file work21.cif (mmCIF, C-alpha atoms)
data_start
#
loop_
_atom_site.label_atom_id
_atom_site.label_comp_id
_atom_site.auth_asym_id
_atom_site.auth_seq_id
_atom_site.Cartn_x
_atom_site.Cartn_y
_atom_site.Cartn_z
CA MET A 5 98.22 109.92 97.55
CA THR A 6 100.52 112.28 99.36
CA THR A 7 104.15 112.35 98.41
CA LEU A 8 106.95 114.59 99.46
CA THR A 9 108.05 116.20 96.26
CA GLN A 10 110.82 118.57 95.47
CA MET A 11 109.75 121.86 93.98
CA GLN A 12 111.31 122.12 90.52
CA HIS A 13 111.89 125.42 88.77
CA ASP A 14 112.38 125.48 85.02
CA SER A 15 113.43 129.04 84.43
CA LEU A 16 116.05 131.20 86.06
CA ASN A 17 113.26 133.66 86.81
CA ASP A 18 111.37 131.16 88.97
CA LYS A 19 114.55 130.24 90.83
CA LEU A 20 115.26 133.90 91.50
CA ARG A 21 111.69 134.47 92.68
CA ALA A 22 111.88 131.53 95.10
CA PHE A 23 115.29 132.76 96.28
CA LEU A 24 113.91 136.24 96.97
CA GLN A 25 110.82 134.84 98.72
CA GLY A 26 113.13 132.85 101.00
CA THR A 27 115.16 136.00 101.67
CA LEU A 28 111.95 137.84 102.53
CA ALA A 29 110.66 135.02 104.78
CA VAL A 30 113.80 135.14 106.93
CA LEU A 31 114.17 138.97 106.79
CA PRO A 32 112.81 139.68 110.31
CA LEU A 33 115.42 137.29 111.69
CA THR A 34 118.10 138.71 109.41
CA ILE A 35 117.46 142.09 111.04
CA ALA A 36 117.14 140.72 114.56
CA VAL A 37 120.51 138.94 114.28
CA ILE A 38 122.38 142.23 113.69
CA PRO A 39 122.82 143.16 117.40
CA TRP A 40 123.77 139.58 118.10
CA GLY A 41 126.40 139.63 115.31
CA ILE A 42 127.81 142.92 116.61
CA LEU A 43 128.07 141.31 120.03
CA ALA A 44 129.91 138.26 118.61
CA GLY A 45 132.37 140.46 116.68
CA SER A 46 133.14 142.78 119.58
CA ILE A 47 133.50 139.95 122.11
CA ALA A 48 135.89 138.15 119.75
CA VAL A 49 138.16 141.20 119.72
CA ASP A 50 137.75 141.53 123.49
CA ALA A 51 138.75 137.87 123.95
CA GLY A 52 142.03 138.59 122.16
CA LEU A 53 141.33 137.35 118.64
CA ASN A 54 142.81 139.47 115.87
CA PRO A 55 140.34 140.98 113.35
CA LEU A 56 140.99 138.27 110.75
CA GLN A 57 140.40 135.48 113.28
CA SER A 58 137.28 137.23 114.57
CA GLN A 59 135.80 137.46 111.09
CA ALA A 60 136.88 133.90 110.23
CA MET A 61 135.03 132.62 113.27
CA SER A 62 131.74 134.11 112.06
CA ALA A 63 132.42 133.06 108.45
CA PHE A 64 133.35 129.41 109.12
CA VAL A 65 131.79 128.47 112.45
CA PHE A 66 128.57 130.44 111.75
CA ALA A 67 126.85 129.55 115.03
CA GLY A 68 125.96 132.45 117.32
CA ALA A 69 125.35 130.61 120.59
CA ALA A 70 128.44 128.38 120.22
CA GLN A 71 130.65 131.34 119.25
CA LEU A 72 129.61 133.45 122.23
CA VAL A 73 130.07 130.60 124.70
CA ALA A 74 133.48 129.63 123.24
CA LEU A 75 134.69 133.26 123.37
CA GLY A 76 133.58 133.52 126.99
CA MET A 77 135.61 130.38 127.75
CA ILE A 78 138.72 131.76 125.99
CA LYS A 79 138.46 134.89 128.14
CA ALA A 80 138.16 132.71 131.23
CA GLY A 81 141.32 130.85 130.17
CA VAL A 82 139.62 127.48 129.64
CA GLY A 83 141.46 124.86 127.56
CA LEU A 84 140.72 123.83 123.97
CA GLY A 85 139.37 120.39 124.93
CA SER A 86 136.66 121.83 127.16
CA ILE A 87 135.74 124.42 124.54
CA ILE A 88 135.22 121.75 121.88
CA LEU A 89 133.25 119.54 124.27
CA THR A 90 130.95 122.43 125.13
CA THR A 91 130.59 123.24 121.43
CA LEU A 92 129.50 119.64 120.91
CA LEU A 93 126.78 120.05 123.54
CA ILE A 94 125.53 123.38 122.19
CA THR A 95 125.51 122.20 118.60
CA SER A 96 123.73 118.93 119.38
CA ARG A 97 120.39 120.56 118.57
CA HIS A 98 121.52 120.80 114.95
CA LEU A 99 121.55 117.00 114.87
CA LEU A 100 117.86 117.18 115.65
CA TYR A 101 117.27 119.78 112.94
CA SER A 102 119.10 117.75 110.31
CA MET A 103 117.11 114.66 111.35
CA ALA A 104 113.88 116.61 111.02
CA LEU A 105 114.87 117.85 107.53
CA ARG A 106 116.36 114.52 106.42
CA ASN A 107 113.38 113.60 104.27
CA LYS A 108 113.50 116.93 102.51
CA ILE A 109 117.21 117.51 101.95
CA SER A 110 118.88 114.07 101.75
CA PRO A 111 117.56 113.34 98.21
CA LEU A 112 119.31 116.46 96.87
CA PRO A 113 122.74 116.43 95.14
CA PHE A 114 125.81 116.78 97.38
CA LYS A 115 126.48 120.45 96.66
CA TRP A 116 122.93 121.29 97.81
CA ARG A 117 123.13 119.07 100.88
CA ALA A 118 126.50 120.54 101.90
CA THR A 119 125.39 124.14 101.28
CA LEU A 120 122.04 123.87 103.05
CA GLY A 121 123.71 121.84 105.82
CA PHE A 122 126.28 124.57 106.37
CA LEU A 123 123.52 127.21 106.45
CA LEU A 124 121.27 125.19 108.79
CA THR A 125 120.79 127.58 111.72
CA ASP A 126 117.91 127.83 114.20
CA GLU A 127 116.50 130.56 112.01
CA LEU A 128 116.69 128.63 108.73
CA PHE A 129 115.17 125.61 110.43
CA ALA A 130 112.25 127.71 111.64
CA ILE A 131 111.61 128.89 108.07
CA ALA A 132 112.28 125.56 106.31
CA ASN A 133 110.08 123.61 108.69
CA GLN A 134 107.06 125.90 108.22
CA GLY A 135 104.35 126.04 105.64
CA ASP A 136 103.63 123.51 102.93
CA GLN A 137 105.03 120.17 104.02
CA HIS A 138 104.43 118.55 100.64
CA GLN A 139 107.04 120.46 98.79
CA PHE A 140 110.54 121.50 99.65
CA ASP A 141 111.96 124.37 97.65
CA ARG A 142 115.78 124.39 97.68
CA TRP A 143 115.97 127.89 96.20
CA HIS A 144 113.64 129.25 98.89
CA ALA A 145 115.83 127.68 101.59
CA LEU A 146 119.03 128.94 99.92
CA GLY A 147 117.67 132.50 99.76
CA GLY A 148 116.79 132.41 103.46
CA GLY A 149 120.05 130.79 104.53
CA LEU A 150 122.41 132.85 102.41
CA SER A 151 120.91 136.25 103.22
CA PHE A 152 121.03 135.33 106.91
CA TYR A 153 124.70 134.30 106.54
CA ILE A 154 125.61 137.61 104.89
CA SER A 155 123.79 139.61 107.57
CA TRP A 156 125.55 137.66 110.34
CA ASN A 157 128.96 138.31 108.82
CA LEU A 158 128.40 142.01 108.10
CA ALA A 159 127.13 142.51 111.66
CA SER A 160 130.18 140.65 113.00
CA LEU A 161 132.42 142.94 110.92
CA ALA A 162 130.68 145.97 112.42
CA GLY A 163 131.21 144.47 115.88
CA ILE A 164 134.91 143.85 115.17
CA VAL A 165 135.41 147.46 114.07
CA ALA A 166 133.37 148.78 117.00
CA GLY A 167 135.10 146.44 119.45
CA GLN A 168 138.48 147.92 118.56
CA ASN A 169 137.26 151.48 119.05
CA ILE A 170 134.51 151.47 121.66
CA GLU A 171 134.74 150.24 125.24
CA ASN A 172 132.27 147.97 127.03
CA ILE A 173 130.05 146.94 124.13
CA ALA A 174 129.33 143.78 126.12
CA ASP A 175 127.46 145.91 128.66
CA TRP A 176 125.03 147.30 126.09
CA GLY A 177 122.67 144.38 126.56
CA LEU A 178 122.96 143.19 122.97
CA ASP A 179 122.29 139.68 124.26
CA PHE A 180 118.63 140.63 124.63
CA ALA A 181 118.50 140.28 120.83
CA ILE A 182 119.05 136.54 121.31
CA ALA A 183 116.10 136.34 123.70
CA ALA A 184 113.85 138.49 121.46
CA THR A 185 114.62 136.36 118.40
CA PHE A 186 114.06 133.05 120.13
CA ILE A 187 110.83 134.25 121.78
CA ALA A 188 109.59 135.36 118.36
CA LEU A 189 110.42 131.87 117.02
CA VAL A 190 109.10 129.80 119.93
CA VAL A 191 105.81 131.51 120.87
CA PRO A 192 104.07 131.14 117.48
CA ALA A 193 105.23 127.48 117.39
CA ILE A 194 103.15 126.68 120.49
CA LYS A 195 100.00 125.34 118.87
CA LYS A 196 99.14 122.51 121.23
CA ARG A 197 99.32 121.81 124.93
CA SER A 198 102.21 119.33 124.66
CA THR A 199 104.43 121.98 123.05
CA LEU A 200 103.54 124.38 125.86
CA ILE A 201 104.51 121.73 128.43
CA CYS A 202 107.77 121.14 126.56
CA VAL A 203 108.61 124.87 126.56
CA LEU A 204 107.74 125.37 130.24
CA VAL A 205 109.77 122.36 131.41
CA SER A 206 112.70 123.44 129.26
CA LEU A 207 112.46 127.01 130.56
CA VAL A 208 112.32 126.16 134.27
CA SER A 209 115.02 123.48 134.09
CA ALA A 210 117.37 125.67 132.01
CA VAL A 211 117.06 128.46 134.60
CA VAL A 212 117.62 126.04 137.51
CA PHE A 213 120.68 124.46 135.81
CA GLU A 214 122.09 127.93 135.11
CA LEU A 215 121.64 128.97 138.75
CA PHE A 216 123.42 125.82 139.94
CA GLN A 217 125.95 126.11 137.10
CA VAL A 218 125.37 122.56 135.89
CA SER A 219 127.65 121.86 132.93
CA GLY A 220 125.70 120.66 129.92
CA GLY A 221 122.60 122.15 131.53
CA LEU A 222 121.35 123.45 128.18
CA LEU A 223 121.34 119.98 126.64
CA ILE A 224 119.73 118.33 129.67
CA ALA A 225 117.05 121.05 129.91
CA ALA A 226 116.20 120.67 126.22
CA LEU A 227 115.97 116.88 126.47
CA LEU A 228 113.77 117.15 129.58
CA GLY A 229 111.45 119.54 127.71
CA MET A 230 111.25 117.28 124.65
CA THR A 231 110.60 114.18 126.77
CA SER A 232 107.85 115.95 128.76
CA GLY A 233 106.10 117.19 125.62
CA TYR A 234 106.37 113.78 123.97
CA PHE A 235 104.96 111.84 126.91
CA TYR A 236 102.24 114.41 127.57
CA ALA A 237 101.02 113.97 124.00
CA LEU A 238 101.31 110.18 124.29
CA LEU A 239 99.48 109.88 127.63
CA THR A 240 96.68 112.31 126.77
CA GLN A 241 96.43 110.94 123.23
CA GLU A 242 96.70 114.48 121.97
CA LYS A 243 95.49 114.91 118.43
CA VAL A 244 98.29 115.48 115.95
CA THR A 245 98.10 118.61 113.86
CA GLN A 246 97.52 118.58 110.13
CA GLU A 247 101.16 119.49 109.59
CA GLU A 248 102.36 116.36 111.35
CA VAL A 249 99.91 114.11 109.56
CA THR A 250 101.39 115.29 106.29
CA GLN A 251 104.91 114.82 107.59
CA GLU A 252 104.03 111.34 108.75
CA LYS A 253 102.72 110.39 105.34
CA ALA A 254 105.86 111.83 103.81
CA THR A 255 107.96 109.66 106.13
CA GLY A 256 105.98 106.60 105.11
CA GLU A 257 106.65 107.40 101.49
CA GLU A 258 110.35 107.66 102.15
CA GLU A 259 110.42 104.36 103.99
CA ASN A 260 108.60 102.61 101.18
CA GLY A 261 110.95 103.97 98.60
CA ALA A 262 114.16 103.73 100.59
CA ASP A 263 115.30 100.40 99.15
CA SER A 264 114.97 101.42 95.54
CA MET B 15 145.54 127.81 119.22
CA ILE B 16 142.82 130.24 118.05
CA TRP B 17 142.99 128.97 114.46
CA LEU B 18 142.91 125.38 115.69
CA MET B 19 139.84 126.19 117.77
CA ILE B 20 138.09 127.84 114.82
CA GLY B 21 138.92 124.85 112.63
CA LEU B 22 137.70 122.27 115.16
CA MET B 23 134.53 124.22 115.95
CA THR B 24 133.80 124.52 112.23
CA LEU B 25 134.21 120.75 111.81
CA VAL B 26 132.11 119.82 114.84
CA ILE B 27 129.29 122.22 113.96
CA PHE B 28 129.18 121.39 110.26
CA ALA B 29 129.18 117.67 111.09
CA SER B 30 126.21 118.10 113.42
CA ARG B 31 124.27 120.05 110.80
CA TYR B 32 125.13 117.72 107.93
CA LEU B 33 125.13 114.23 109.49
CA PHE B 34 121.49 113.26 108.93
CA LEU B 35 121.30 115.00 105.56
CA GLU B 36 123.69 112.32 104.24
CA PRO B 37 121.58 109.74 102.37
CA ARG B 38 124.15 106.94 102.82
CA LEU B 39 123.73 107.11 106.60
CA PRO B 40 121.53 104.05 107.23
CA VAL B 41 118.98 105.68 109.50
CA ARG B 42 115.24 105.69 109.12
CA LEU B 43 113.10 107.78 111.39
CA GLY B 44 109.97 106.15 112.68
CA LYS B 45 106.76 107.93 113.62
CA ASN B 46 107.75 108.16 117.30
CA ALA B 47 111.19 109.57 116.53
CA GLN B 48 109.66 112.23 114.28
CA GLN B 49 107.13 113.06 116.98
CA PHE B 50 109.89 113.38 119.60
CA LEU B 51 112.01 115.55 117.29
CA SER B 52 109.12 117.90 116.59
CA TYR B 53 109.76 119.27 120.09
CA SER B 54 113.48 119.90 119.54
CA ALA B 55 113.39 123.47 118.24
CA PRO B 56 111.10 124.96 120.94
CA ALA B 57 112.97 123.02 123.66
CA VAL B 58 116.49 124.03 122.58
CA LEU B 59 115.68 127.66 121.80
CA THR B 60 113.90 128.03 125.15
CA ALA B 61 116.83 126.47 127.00
CA ILE B 62 119.12 129.07 125.38
CA PHE B 63 117.01 132.19 125.97
CA ALA B 64 115.56 131.41 129.43
CA PRO B 65 118.83 131.92 131.38
CA ILE B 66 119.47 135.22 129.55
CA VAL B 67 116.05 136.50 130.65
CA PHE B 68 115.77 135.17 134.20
CA VAL B 69 119.36 134.95 135.46
CA ARG B 70 121.34 138.16 135.97
CA GLU B 71 124.80 137.92 137.53
CA GLU B 72 124.20 134.33 138.59
CA GLN B 73 121.05 135.30 140.53
CA LEU B 74 117.41 134.66 139.75
CA MET B 75 115.93 138.10 139.04
CA LEU B 76 112.12 138.08 139.05
CA SER B 77 111.56 141.81 139.31
CA VAL B 78 110.33 144.74 137.24
CA ASP B 79 113.86 146.12 137.64
CA ASN B 80 115.08 143.39 135.29
CA PRO B 81 114.69 144.92 131.80
CA TYR B 82 115.41 141.52 130.19
CA LEU B 83 112.38 140.02 131.94
CA VAL B 84 110.08 143.00 131.31
CA CYS B 85 110.95 143.10 127.60
CA ALA B 86 110.72 139.30 127.28
CA VAL B 87 107.16 139.48 128.67
CA VAL B 88 106.38 142.27 126.19
CA ALA B 89 107.89 140.20 123.35
CA THR B 90 105.78 137.17 124.36
CA GLY B 91 102.65 139.33 124.36
CA LEU B 92 103.49 140.83 120.97
CA ALA B 93 104.20 137.38 119.52
CA LEU B 94 100.86 136.09 120.80
CA TRP B 95 98.74 139.00 119.60
CA THR B 96 100.44 139.97 116.36
CA ARG B 97 102.01 136.65 115.25
CA ASN B 98 104.45 138.93 113.50
CA THR B 99 108.14 138.09 113.91
CA LEU B 100 109.46 141.45 112.72
CA LEU B 101 107.14 143.51 114.92
CA THR B 102 107.89 141.28 117.92
CA THR B 103 111.67 141.46 117.63
CA VAL B 104 112.00 145.10 116.62
CA LEU B 105 109.53 146.55 119.17
CA SER B 106 110.79 144.48 122.10
CA MET B 107 114.42 145.26 121.23
CA GLY B 108 113.57 148.96 120.87
CA LEU B 109 111.89 148.96 124.30
CA PHE B 110 114.89 147.14 125.75
CA PHE B 111 117.38 149.71 124.54
CA VAL B 112 115.17 152.48 125.97
CA LEU B 113 114.92 150.78 129.39
CA HIS B 114 118.48 149.52 129.57
#

call {"tool": "encode", "arguments": {"input": "work21.cif", "output": "structure tokens"}}
result
Amino acid sequence: MTTLTQMQHDSLNDKLRAFLQGTLAVLPLTIAVIPWGILAGSIAVDAGLNPLQSQAMSAFVFAGAAQLVALGMIKAGVGLGSIILTTLLITSRHLLYSMALRNKISPLPFKWRATLGFLLTDELFAIANQGDQHQFDRWHALGGGLSFYISWNLASLAGIVAGQNIENIADWGLDFAIAATFIALVVPAIKKRSTLICVLVSLVSAVVFELFQVSGGLLIAALLGMTSGYFYALLTQEKVTQEEVTQEKATGEEENGADS
Amino acid sequence: MIWLMIGLMTLVIFASRYLFLEPRLPVRLGKNAQQFLSYSAPAVLTAIFAPIVFVREEQLMLSVDNPYLVCAVVATGLALWTRNTLLTTVLSMGLFFVLH
């Protein structure tokens, strides 16, 4: 019988090993986020935030895409209400991530749920949702999430310092780092035709919405992609992968045990 | 105003990341919901990076003069052939900074 178990470590040594393995698993992304962090720090200074506010934004908000969009809106003189509404749209994908990880993280104590929830970025989700679906290792996830958080904040600090001293950092093309990272995350995840359909629909519609400056275009494009992939799989009766079979069983287990 | 914005953004984003991790939230995800959600990461990440790659100064730029597009194609190729995240990101970013 398959159950979703929580990996338990008895000794400090095992915890440390899992922590370091998580750090290592997310390391490519920890490096790739450096240009992006520099961009966020320098744009914050450029948008008129003081150094403390700029650093606080990366430390508390900890969401690259939302930070960059909000800073762009401040520079454009947009009001607080619109900024928060846009943040809500950009961050909506995290709802989907937390739903997807619900079975794994919701049984943990509050301090673990809150910590891993705070650290739940696109990058951590990519790592946490890979590999062995039977076991969830909180130390592995913490190592990945925390090292990524530190890298993001150090890179932001570098960007804040550079932003005060160097002109036109925004023209360096640091935003390509966002594209490189997401391509490196998305391409290996395409293992079946329905995922390919989902990505292509999302790609074309996001570009079209951007060209026509549709507000909330990101959210609509993503939902269109997800719906296309879902219905393609449904209509063609696409075989589910081994990973999903395991996840399905795990969900069944949770549902059976949910009343206890 | 800036501090208020940082505070509100922190609240909104943490809430979205934490909401479904809360066990007292009476939500159960069925098979179909899980299936639908399995497409969320590729869909959202693509919707974020696609405009960066294809749209320059509010124009569609499908040309070899667009270093974002050229390097994105290289990154896709590297990701397909090597399946290595580090190699993909570092090499494509290196090429980008040479071209740009």

call {"tool": "closest_atom_pairs", "arguments": {"input": "work21.cif", "of": "chain B", "to": "chain A", "cutoff": "7 Å", "atoms": "all atoms listed in the file", "output": "Markdown table"}}
result
| residue | atom | partner | partner_atom | distance |
| --- | --- | --- | --- | --- |
| B:Met19 | CA | A:Leu84 | CA | 6.7 |
| B:Ile20 | CA | A:Met61 | CA | 5.9 |
| B:Met23 | CA | A:Val65 | CA | 6.1 |
| B:Thr24 | CA | A:Val65 | CA | 4.4 |
| B:Val26 | CA | A:Leu92 | CA | 6.6 |
| B:Ile27 | CA | A:Thr95 | CA | 6.0 |
| B:Phe28 | CA | A:Phe122 | CA | 5.8 |
| B:Ser30 | CA | A:Leu99 | CA | 5.0 |
| B:Arg31 | CA | A:His98 | CA | 5.0 |
| B:Tyr32 | CA | A:Gly121 | CA | 4.8 |
| B:Phe34 | CA | A:Met103 | CA | 5.2 |
| B:Leu35 | CA | A:Ser110 | CA | 4.6 |
| B:Glu36 | CA | A:Ser110 | CA | 5.7 |
| B:Pro37 | CA | A:Ser110 | CA | 5.1 |
| B:Lys45 | CA | A:Glu252 | CA | 6.5 |
| B:Gln48 | CA | A:Ala104 | CA | 6.9 |
| B:Phe50 | CA | A:Tyr234 | CA | 5.6 |
| B:Leu51 | CA | A:Leu100 | CA | 6.3 |
| B:Tyr53 | CA | A:Met230 | CA | 5.2 |
| B:Ser54 | CA | A:Met230 | CA | 6.2 |
| B:Pro56 | CA | A:Val190 | CA | 5.3 |
| B:Ala57 | CA | A:Ala226 | CA | 4.7 |
| B:Val58 | CA | A:Ala226 | CA | 5.0 |
| B:Leu59 | CA | A:Phe186 | CA | 5.9 |
| B:Thr60 | CA | A:Leu207 | CA | 5.7 |
| B:Ala61 | CA | A:Ala210 | CA | 5.1 |
| B:Ile62 | CA | A:Leu222 | CA | 6.7 |
| B:Phe63 | CA | A:Ala183 | CA | 4.8 |
| B:Ala64 | CA | A:Leu207 | CA | 5.5 |
| B:Pro65 | CA | A:Val211 | CA | 5.0 |
| B:Ile66 | CA | A:Ala183 | CA | 6.8 |
| B:Val67 | CA | A:Ala183 | CA | 7.0 |
| B:Phe68 | CA | A:Val211 | CA | 6.8 |
| B:Val69 | CA | A:Val211 | CA | 6.9 |
| B:Glu72 | CA | A:Leu215 | CA | 5.9 |
| B:Gln73 | CA | A:Leu215 | CA | 6.6 |
| B:Tyr82 | CA | A:Phe180 | CA | 6.5 |
| B:Ala86 | CA | A:Ala184 | CA | 6.7 |
| B:Ala89 | CA | A:Ala184 | CA | 6.5 |
| B:Thr90 | CA | A:Ile187 | CA | 6.4 |
| B:Ala93 | CA | A:Ala188 | CA | 5.9 |
| B:Leu94 | CA | A:Val191 | CA | 6.7 |
| B:Arg97 | CA | A:Pro192 | CA | 6.3 |
| B:Thr99 | CA | A:Ala188 | CA | 5.4 |
| B:Leu100 | CA | A:Pro32 | CA | 4.5 |
| B:Thr102 | CA | A:Ala188 | CA | 6.2 |
| B:Thr103 | CA | A:Ala184 | CA | 5.3 |
| B:Ser106 | CA | A:Ala184 | CA | 6.8 |
| B:Met107 | CA | A:Ala181 | CA | 6.5 |

call {"tool": "atom_distance", "arguments": {"input": "work21.cif", "atom1": "atom CA of Ile47 of chain A", "atom2": "atom CA of His114 of chain B"}}
result
19.3 Å

call {"tool": "atom_distance", "arguments": {"input": "work21.cif", "atom1": "atom CA of Val88 of chain B", "atom2": "atom CA of Ser160 of chain A"}}
result
27.3 Å

call {"tool": "axis_aligned_box", "arguments": {"input": "work21.cif", "around": "segment 107-126 of chain A", "padding_each_side": "3 Å", "output": "JSON"}}
result
{"center_x": 119.9, "center_y": 120.6, "center_z": 104.7, "size_x": 19.1, "size_y": 20.5, "size_z": 25.1}

call {"tool": "resolve_selection", "arguments": {"input": "work21.cif", "expression": "the PyMOL selection byres ((chain A and resi 20) around 12)", "output": "list of chain:residue names"}}
result
A:His13, A:Asp14, A:Ser15, A:Leu16, A:Asn17, A:Asp18, A:Lys19, A:Arg21, A:Ala22, A:Phe23, A:Leu24, A:Gln25, A:Gly26, A:Thr27, A:Asp141, A:Arg142, A:Trp143, A:His144, A:Ala145, A:Leu146, A:Gly147

call {"tool": "atom_distance", "arguments": {"input": "work21.cif", "atom1": "atom CA of Gly68 of chain A", "atom2": "atom CA of Ser46 of chain A"}}
result
12.8 Å

call {"tool": "closest_residue", "arguments": {"input": "work21.cif", "among": "A:Val82, A:Ile38, A:Leu161, A:Ile173", "to": "Asp50 of chain A", "atoms": "only C-alpha atoms"}}
result
A:Ile173

call {"tool": "closest_residue", "arguments": {"input": "work21.cif", "among": "B:Val84, B:Leu33, B:Val78, B:Leu25", "to": "Phe110 of chain B", "atoms": "all atoms listed in the file"}}
result
B:Val84
